[in-house]
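S.K.: Quick one: the structure is below, questions incoming.
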Amino acid sequence: MGRIIHLTDNNTEGSYIDDGVLDILKIANVGNLRDNPDLLVFPYSLAESNDSIGDLPILNTSHHNYDKDGKCLSLKVHTGNLMGFIGMNETSVSIHSRFTHKNKQGVADDEGKDFFLYYMLQKVLSINLLDLKHTTNKEDKALDFLLFLFPVLLKKALSQGLYKEYQHRYYDDAKVKGTVDISRFIRNDIPFKGRVSYKLREYSYDNSVTQLIRHTIEYIMQNPIGAEILRNDQETIDNVAQIVMVTPSYDRHGRERVLNENRKPKVHPYFLNYQMLQQLCVRILKHESLKYGRSEDKVYGILFDAAWLWEEYLNTVLSKIGFTHPRNKEGKGGIRMFANPTDEDSFDSNGRRIYPDFYREDYILDAKYKHLNGSVGREDLYQVVSYMYCMDKPYGGYVYPDDSNQKTTRFKLAGKGLEYKGDMGGILSVIPFKIPQKTDNWKDFLQGINQSESKLKESLTPRPLHNNFIPNS
């Protein structure tokens, strides 16, 4: 039985001493996450992450102790913004949200009560589940996450249309259109009965990729939480029905053959969104074999960019109170930095634009997943203040997930360059978003985080600018 190491994001964890140290070192040294087909990283493949998540280290290590032969005996592990599951050989590393449920001693447990991660996934992926009883099954949490992603990637793939490719079809009739199959003709059509055996190369929706998707759907339907996810909304129901309709040759006994046909990703430039779906389907169908038939030094698992999830989750809250969320990677929603672009030698020769995380008529807001604890780094500070000036917004701030009962701090900026409804000046806020951590069940967690959402909306209500300093609230 392999060892499972439980970590939390953005933390320095204790010292590990045993044979698992070597596996941790190998995991930490994985250079490019994209080169590992059994390791899914979300959402880099959708080109939506603001960071180059595929180039981030999974883990960092320090304080190595070696024996006289140079073998590493112990080390400390440092985690960043990646969460999920990663494994190699007999060692599995589970990186929980740092806001996972804590026991009475204040220590993060490993009982699957990572409510905050599940909640963000549900909100961002638009999946509505009434309960999370399935999360108590620690062995299948990785599979749960894979199932969460399936309807999202299916929708994205089908937005490009149904996948079709050339298939060889075999016919035996009098309407010869393709190449005569001599051996079949001799075997089936002599003495001649007016029919000719031939094969025809033609486009078909019933192919190896759609068959792979169909097998995945049938597999997911056997899982209680998976069946609920496939019934989550009408669009998912329609997409599933469409795949079922175009795969009449489906045979549940042909799964291994279909998996072998999908060993290599499809590279058709038009059907680019099918590549990630294809990889996810293979990962779901091979879930058991990956758990119990691991190859030496082969990395496997699923990881999430916590910073991206946090920003996209905030969008589900802030969009309801008038905030716009620009899409930097897609070049959408940017604001021109210079008012009057002139010639090629100007700063604005390329139409330079800025992309704050969120903005409103009166507000610039930056989403930060990392620890802030009431203070902001120099680069983050200058960035928001410059956005406030360029976009003429009197309010700016940072919102971050909090587990230490911090209060909002507000500071009056020097200068008189900003105006809002007759008031001059600007206010910069550092806003903590309280994450419930001592809730024992999903219902209590929902109640707590809904209160935090309401408090965040209230804190973003514009305040008077008359005073030189706005006290903490």
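Within each chain, counting starts at residue 1; across the structure tokens, chains are named A, B, ... in the order shown, with ligands numbered 1 upward in that order.
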Using only C-alpha atoms, determine which residues lie at most 6 Å from Asn273 of chain A, disregarding the query and same-chain residues fewer than 2 positions distant; provide the list as a PyMOL selection string.
M.R.: chain A and resi 157+271+275
S.K.: Of the residues A:Leu285, A:Asn81, A:Arg252, A:Asn315, which is the one nearest to Lys123 of chain A, using only C-alpha atoms?
M.R.: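 Nearest to Lys123 of chain A: A:Asn315.
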S.K.: Looking at only C-alpha atoms, which of A:Asp23, A:Glu165, A:Asp357, A:Asp233 is the one that sits closest to Val209 of chain A?
M.R.: A:Glu165
S.K.: Contacts of Asp38 of chain A at 7 Å or less, counting only C-alpha atoms, minus same-chain residues fewer than 5 places along, as a ChimeraX atom specification?
M.R.: /A:283,299-301
S.K.: May I have the residues from that selection written out with N, CA, C and O atoms, as a PDB file, in the first residue's frame?
M.R.:
ATOM      1  N   ARG A 283      -8.490   9.642 -19.092  1.00  0.00           N
ATOM      2  CA  ARG A 283      -8.135   9.672 -17.669  1.00  0.00           C
ATOM      3  C   ARG A 283      -9.247   9.076 -16.800  1.00  0.00           C
ATOM      4  O   ARG A 283      -8.992   8.358 -15.845  1.00  0.00           O
ATOM      5  N   VAL A 299       4.265  10.110 -13.585  1.00  0.00           N
ATOM      6  CA  VAL A 299       3.489  11.046 -12.787  1.00  0.00           C
ATOM      7  C   VAL A 299       2.031  11.021 -13.262  1.00  0.00           C
ATOM      8  O   VAL A 299       1.748  10.887 -14.449  1.00  0.00           O
ATOM      9  N   TYR A 300       1.104  11.114 -12.338  1.00  0.00           N
ATOM     10  CA  TYR A 300      -0.315  11.053 -12.660  1.00  0.00           C
ATOM     11  C   TYR A 300      -1.074  11.915 -11.667  1.00  0.00           C
ATOM     12  O   TYR A 300      -0.571  12.257 -10.583  1.00  0.00           O
ATOM     13  N   GLY A 301      -2.293  12.315 -11.993  1.00  0.00           N
ATOM     14  CA  GLY A 301      -3.112  13.081 -11.064  1.00  0.00           C
ATOM     15  C   GLY A 301      -3.877  14.191 -11.747  1.00  0.00           C
ATOM     16  O   GLY A 301      -3.979  14.268 -12.973  1.00  0.00           O
TER      17      GLY A 301
END
S.K.: Run DSSP on the backbone of this structure and report the residues of segment 199-313 of chain A it assigns to strand (DSSP E), as a VMD selection string.
M.R.: chain A and resid 199 to 204 299 to 305
S.K.: A:Arg187, A:Arg195, A:Arg257, A:Lys298: which is nearest Asn89 of chain A, counting only C-alpha atoms?
M.R.: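 Closest to Asn89 of chain A of all the choices is A:Lys298.
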S.K.: Using only C-alpha atoms, which residue out of A:Leu143, A:Leu40, A:Leu259, A:Ile127 lies closest to Val282 of chain A?
M.R.: A:Leu259
S.K.: For a quick check of understanding, using only C-alpha atoms, which of A:Ile243, A:Leu318, A:Leu372, A:Ile24 has the smallest distance to Glu453 of chain A?
M.R.: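 Between A:Ile243, A:Leu318, A:Leu372, A:Ile24, the residue approaching Glu453 of chain A most closely is A:Leu318.
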S.K.: Name the closest residue to Lys175 of chain A among the candidates A:Lys199, A:Arg98, A:Lys370, A:Lys76; distances are taken between atoms, counting only C-alpha atoms.
M.R.: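 Closest residue, counting only C-alpha atoms: A:Lys199.
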S.K.: Could you pull out the alpha helix (DSSP H) residues of segment 163-327 of chain A, going by DSSP on the backbone, and write them as a PyMOL selection string?
M.R.: chain A and resi 182-189+208-221+224-230+234-245+255-261+274-285+287-292+306-318
